Amino acid sequence: MDNIVEQLAEARLVTAEDQEVPVPATLRYTADDPLAVFLDFPAEASLHGEEVTWTFARSLLDQGLRTPAGHGDVRIWPHGRTRTVLELHSPHGMALLLFPASVLRRFLVRTYATVPCGQEDVAGVVERGLSALFGGV
């Protein structure tokens, strides 16, 4: 069994003029951080020319594929039958991205094959987080 799931996905960035611009992205999941999913964008897709990673709950992605979800920096909702919207907020502004829903579903299924829902090692995640926060003190 793989401990890391990665999947390429081409998002469509919706501009202020309602144009859709293709943006490459990589969805990533690791059994070491089983509650989170990562969305990586290459340097050429960011405002500042540096790679950017967004991290959010796997459960948020799961819920957002079915119904509007999220109240903070990441919001997800279905857009018709074939696409899903990810709305990302940062101090630099907001990005509205459209993803093929099938790509997100396939990725999510693969994450559940790696670590089934309800079998996440939450205690281990908390312990590693506290250790990183306090630097082994």
# chains A, B, ... in the order shown; residues from 1 in each chain; ligands from 1

$ residues_around --residues "region 41-54 of chain A" --least-positions-apart "3" --cutoff "8 Å" --atoms "only C-alpha atoms" --output "list of chain:residue names"
A:Val23, A:Pro24, A:Ala25, A:Thr26, A:Phe38

$ select_by_dssp --residues "chain A" --states "helix (DSSP H, G or I)" --output "JSON, numbers by chain"
{"A": [43, 44, 45, 58, 59, 60, 61, 62, 63, 64, 101, 102, 103, 104, 105, 106, 107, 108, 109, 110, 111, 112, 113, 114, 122, 123, 124, 125, 126, 127, 128, 129, 130, 131, 132, 133, 134]}

$ atom_distance --atom1 "CA of Val103 (chain A)" --atom2 "CA of Ile76 (chain A)"
14.3 Å

$ select_by_dssp --residues "region 44-77 of chain A" --states "strand (DSSP E or B)" --output "ChimeraX atom specification"
/A:52-57,69,74-77

$ write_last_selection --atoms "N, CA and C atoms" --output "mmCIF file, in the first residue's frame"
data_model
loop_
_atom_site.group_PDB
_atom_site.id
_atom_site.type_symbol
_atom_site.label_atom_id
_atom_site.label_comp_id
_atom_site.auth_asym_id
_atom_site.auth_seq_id
_atom_site.Cartn_x
_atom_site.Cartn_y
_atom_site.Cartn_z
ATOM 1 N N VAL A 52 3.280 27.237 -4.574
ATOM 2 C CA VAL A 52 2.304 27.508 -3.522
ATOM 3 C C VAL A 52 1.590 26.208 -3.183
ATOM 4 N N THR A 53 1.411 25.955 -1.884
ATOM 5 C CA THR A 53 0.659 24.787 -1.431
ATOM 6 C C THR A 53 -0.456 25.242 -0.510
ATOM 7 N N TRP A 54 -1.650 24.785 -0.808
ATOM 8 C CA TRP A 54 -2.799 24.996 0.070
ATOM 9 C C TRP A 54 -3.065 23.680 0.789
ATOM 10 N N THR A 55 -3.363 23.757 2.072
ATOM 11 C CA THR A 55 -3.652 22.579 2.880
ATOM 12 C C THR A 55 -5.037 22.748 3.481
ATOM 13 N N PHE A 56 -5.851 21.708 3.353
ATOM 14 C CA PHE A 56 -7.185 21.760 3.952
ATOM 15 C C PHE A 56 -7.643 20.355 4.280
ATOM 16 N N ALA A 57 -8.722 20.254 5.016
ATOM 17 C CA ALA A 57 -9.203 18.968 5.516
ATOM 18 C C ALA A 57 -9.714 18.076 4.391
ATOM 19 N N ALA A 69 -19.344 23.704 1.113
ATOM 20 C CA ALA A 69 -18.624 23.430 2.362
ATOM 21 C C ALA A 69 -17.510 24.452 2.552
ATOM 22 N N VAL A 74 -10.718 28.324 2.572
ATOM 23 C CA VAL A 74 -11.009 27.358 1.506
ATOM 24 C C VAL A 74 -12.488 27.014 1.542
ATOM 25 N N ARG A 75 -13.131 27.216 0.409
ATOM 26 C CA ARG A 75 -14.554 26.874 0.270
ATOM 27 C C ARG A 75 -14.695 26.025 -0.991
ATOM 28 N N ILE A 76 -15.557 25.033 -0.916
ATOM 29 C CA ILE A 76 -15.705 24.082 -2.032
ATOM 30 C C ILE A 76 -17.186 23.818 -2.243
ATOM 31 N N TRP A 77 -17.602 23.753 -3.516
ATOM 32 C CA TRP A 77 -18.986 23.395 -3.800
ATOM 33 C C TRP A 77 -19.110 22.843 -5.221
#

$ closest_residue --among "A:Ala16, A:Leu8, A:Ala95, A:Leu104" --to "Arg58 (chain A)" --atoms "only C-alpha atoms"
A:Leu104

$ closest_residue --among "A:Val14, A:Val115, A:Leu35, A:Ala9" --to "Ser102 (chain A)" --atoms "only C-alpha atoms"
A:Ala9

$ closest_residue --among "A:Arg12, A:Arg110, A:Val21, A:Arg28" --to "Arg83 (chain A)" --atoms "only C-alpha atoms"
A:Arg12

$ closest_residue --among "A:Asp18, A:Asp62, A:Thr67, A:Gly135" --to "Val37 (chain A)" --atoms "only C-alpha atoms"
A:Asp62

$ atom_distance --atom1 "CA of Ala36 (chain A)" --atom2 "CA of His71 (chain A)"
16.4 Å

$ atom_distance --atom1 "CA of Phe134 (chain A)" --atom2 "CA of Ala31 (chain A)"
22.4 Å

$ decode --residues "region 38-85 of chain A" --atoms "N, CA and C atoms" --output "JSON list (two decimals), in the first residue's frame"
[["chain", "number", "residue", "atom", "x", "y", "z"],
["A", 38, "PHE", "N", -3.40, 18.25, 0.23],
["A", 38, "PHE", "CA", -2.56, 19.35, -0.20],
["A", 38, "PHE", "C", -2.84, 19.62, -1.66],
["A", 39, "LEU", "N", -2.88, 20.88, -2.01],
["A", 39, "LEU", "CA", -3.08, 21.30, -3.38],
["A", 39, "LEU", "C", -1.88, 22.16, -3.76],
["A", 40, "ASP", "N", -1.03, 21.61, -4.62],
["A", 40, "ASP", "CA", 0.22, 22.27, -4.99],
["A", 40, "ASP", "C", 0.08, 22.94, -6.35],
["A", 41, "PHE", "N", 0.57, 24.19, -6.42],
["A", 41, "PHE", "CA", 0.61, 24.93, -7.67],
["A", 41, "PHE", "C", 2.06, 25.25, -8.00],
["A", 42, "PRO", "N", 2.48, 25.09, -9.25],
["A", 42, "PRO", "CA", 3.86, 25.40, -9.62],
["A", 42, "PRO", "C", 4.10, 26.92, -9.61],
["A", 43, "ALA", "N", 5.36, 27.29, -9.61],
["A", 43, "ALA", "CA", 5.74, 28.71, -9.53],
["A", 43, "ALA", "C", 5.08, 29.55, -10.63],
["A", 44, "GLU", "N", 5.00, 29.01, -11.84],
["A", 44, "GLU", "CA", 4.44, 29.79, -12.94],
["A", 44, "GLU", "C", 2.94, 30.07, -12.79],
["A", 45, "ALA", "N", 2.30, 29.41, -11.84],
["A", 45, "ALA", "CA", 0.87, 29.61, -11.63],
["A", 45, "ALA", "C", 0.57, 30.56, -10.47],
["A", 46, "SER", "N", 1.62, 31.08, -9.83],
["A", 46, "SER", "CA", 1.39, 31.94, -8.67],
["A", 46, "SER", "C", 1.70, 33.40, -8.97],
["A", 47, "LEU", "N", 1.18, 34.28, -8.15],
["A", 47, "LEU", "CA", 1.40, 35.72, -8.32],
["A", 47, "LEU", "C", 2.85, 36.12, -8.13],
["A", 48, "HIS", "N", 3.54, 35.43, -7.21],
["A", 48, "HIS", "CA", 4.89, 35.84, -6.84],
["A", 48, "HIS", "C", 5.99, 34.95, -7.43],
["A", 49, "GLY", "N", 5.62, 34.06, -8.36],
["A", 49, "GLY", "CA", 6.62, 33.23, -9.01],
["A", 49, "GLY", "C", 7.24, 32.17, -8.13],
["A", 50, "GLU", "N", 6.54, 31.76, -7.08],
["A", 50, "GLU", "CA", 7.01, 30.71, -6.18],
["A", 50, "GLU", "C", 5.95, 29.62, -6.08],
["A", 51, "GLU", "N", 6.39, 28.39, -5.84],
["A", 51, "GLU", "CA", 5.43, 27.30, -5.65],
["A", 51, "GLU", "C", 4.54, 27.63, -4.46],
["A", 52, "VAL", "N", 3.28, 27.24, -4.57],
["A", 52, "VAL", "CA", 2.30, 27.51, -3.52],
["A", 52, "VAL", "C", 1.59, 26.21, -3.18],
["A", 53, "THR", "N", 1.41, 25.96, -1.88],
["A", 53, "THR", "CA", 0.66, 24.79, -1.43],
["A", 53, "THR", "C", -0.46, 25.24, -0.51],
["A", 54, "TRP", "N", -1.65, 24.79, -0.81],
["A", 54, "TRP", "CA", -2.80, 25.00, 0.07],
["A", 54, "TRP", "C", -3.07, 23.68, 0.79],
["A", 55, "THR", "N", -3.36, 23.76, 2.07],
["A", 55, "THR", "CA", -3.65, 22.58, 2.88],
["A", 55, "THR", "C", -5.04, 22.75, 3.48],
["A", 56, "PHE", "N", -5.85, 21.71, 3.35],
["A", 56, "PHE", "CA", -7.18, 21.76, 3.95],
["A", 56, "PHE", "C", -7.64, 20.35, 4.28],
["A", 57, "ALA", "N", -8.72, 20.25, 5.02],
["A", 57, "ALA", "CA", -9.20, 18.97, 5.52],
["A", 57, "ALA", "C", -9.71, 18.08, 4.39],
["A", 58, "ARG", "N", -9.36, 16.81, 4.48],
["A", 58, "ARG", "CA", -9.88, 15.83, 3.52],
["A", 58, "ARG", "C", -11.40, 15.78, 3.60],
["A", 59, "SER", "N", -11.95, 15.92, 4.80],
["A", 59, "SER", "CA", -13.40, 15.90, 4.98],
["A", 59, "SER", "C", -14.06, 17.09, 4.28],
["A", 60, "LEU", "N", -13.36, 18.23, 4.19],
["A", 60, "LEU", "CA", -13.89, 19.39, 3.48],
["A", 60, "LEU", "C", -14.03, 19.08, 1.99],
["A", 61, "LEU", "N", -13.02, 18.44, 1.42],
["A", 61, "LEU", "CA", -13.10, 18.06, 0.01],
["A", 61, "LEU", "C", -14.24, 17.07, -0.20],
["A", 62, "ASP", "N", -14.35, 16.10, 0.68],
["A", 62, "ASP", "CA", -15.42, 15.11, 0.58],
["A", 62, "ASP", "C", -16.80, 15.78, 0.60],
["A", 63, "GLN", "N", -17.00, 16.64, 1.56],
["A", 63, "GLN", "CA", -18.29, 17.32, 1.68],
["A", 63, "GLN", "C", -18.54, 18.25, 0.50],
["A", 64, "GLY", "N", -17.49, 18.99, 0.10],
["A", 64, "GLY", "CA", -17.64, 19.96, -0.98],
["A", 64, "GLY", "C", -17.96, 19.37, -2.33],
["A", 65, "LEU", "N", -17.68, 18.09, -2.52],
["A", 65, "LEU", "CA", -18.06, 17.43, -3.76],
["A", 65, "LEU", "C", -19.57, 17.21, -3.84],
["A", 66, "ARG", "N", -20.25, 17.25, -2.69],
["A", 66, "ARG", "CA", -21.69, 16.99, -2.65],
["A", 66, "ARG", "C", -22.54, 18.22, -2.37],
["A", 67, "THR", "N", -21.99, 19.15, -1.56],
["A", 67, "THR", "CA", -22.76, 20.31, -1.11],
["A", 67, "THR", "C", -21.78, 21.42, -0.74],
["A", 68, "PRO", "N", -22.21, 22.67, -0.74],
["A", 68, "PRO", "CA", -21.27, 23.74, -0.36],
["A", 68, "PRO", "C", -20.67, 23.50, 1.02],
["A", 69, "ALA", "N", -19.34, 23.70, 1.11],
["A", 69, "ALA", "CA", -18.62, 23.43, 2.36],
["A", 69, "ALA", "C", -17.51, 24.45, 2.55],
["A", 70, "GLY", "N", -17.22, 24.74, 3.81],
["A", 70, "GLY", "CA", -16.13, 25.65, 4.15],
["A", 70, "GLY", "C", -16.63, 27.02, 4.51],
["A", 71, "HIS", "N", -15.94, 27.64, 5.47],
["A", 71, "HIS", "CA", -16.31, 28.98, 5.92],
["A", 71, "HIS", "C", -15.10, 29.89, 6.03],
["A", 72, "GLY", "N", -13.92, 29.38, 5.79],
["A", 72, "GLY", "CA", -12.70, 30.15, 5.98],
["A", 72, "GLY", "C", -11.99, 30.44, 4.68],
["A", 73, "ASP", "N", -10.71, 30.13, 4.65],
["A", 73, "ASP", "CA", -9.88, 30.42, 3.49],
["A", 73, "ASP", "C", -10.14, 29.49, 2.31],
["A", 74, "VAL", "N", -10.72, 28.32, 2.57],
["A", 74, "VAL", "CA", -11.01, 27.36, 1.51],
["A", 74, "VAL", "C", -12.49, 27.01, 1.54],
["A", 75, "ARG", "N", -13.13, 27.22, 0.41],
["A", 75, "ARG", "CA", -14.55, 26.87, 0.27],
["A", 75, "ARG", "C", -14.69, 26.03, -0.99],
["A", 76, "ILE", "N", -15.56, 25.03, -0.92],
["A", 76, "ILE", "CA", -15.71, 24.08, -2.03],
["A", 76, "ILE", "C", -17.19, 23.82, -2.24],
["A", 77, "TRP", "N", -17.60, 23.75, -3.52],
["A", 77, "TRP", "CA", -18.99, 23.39, -3.80],
["A", 77, "TRP", "C", -19.11, 22.84, -5.22],
["A", 78, "PRO", "N", -20.16, 22.02, -5.43],
["A", 78, "PRO", "CA", -20.41, 21.49, -6.77],
["A", 78, "PRO", "C", -20.83, 22.62, -7.71],
["A", 79, "HIS", "N", -20.43, 22.49, -8.97],
["A", 79, "HIS", "CA", -20.81, 23.46, -10.01],
["A", 79, "HIS", "C", -21.35, 22.64, -11.17],
["A", 80, "GLY", "N", -22.63, 22.45, -11.19],
["A", 80, "GLY", "CA", -23.23, 21.56, -12.18],
["A", 80, "GLY", "C", -22.90, 20.11, -11.83],
["A", 81, "ARG", "N", -23.01, 19.24, -12.80],
["A", 81, "ARG", "CA", -22.79, 17.80, -12.55],
["A", 81, "ARG", "C", -21.35, 17.37, -12.74],
["A", 82, "THR", "N", -20.56, 18.18, -13.45],
["A", 82, "THR", "CA", -19.23, 17.70, -13.82],
["A", 82, "THR", "C", -18.07, 18.51, -13.25],
["A", 83, "ARG", "N", -18.37, 19.62, -12.59],
["A", 83, "ARG", "CA", -17.27, 20.44, -12.08],
["A", 83, "ARG", "C", -17.47, 20.79, -10.60],
["A", 84, "THR", "N", -16.35, 21.12, -9.97],
["A", 84, "THR", "CA", -16.35, 21.52, -8.57],
["A", 84, "THR", "C", -15.55, 22.80, -8.45],
["A", 85, "VAL", "N", -16.06, 23.72, -7.65],
["A", 85, "VAL", "CA", -15.40, 25.01, -7.44],
["A", 85, "VAL", "C", -14.58, 24.95, -6.15]]
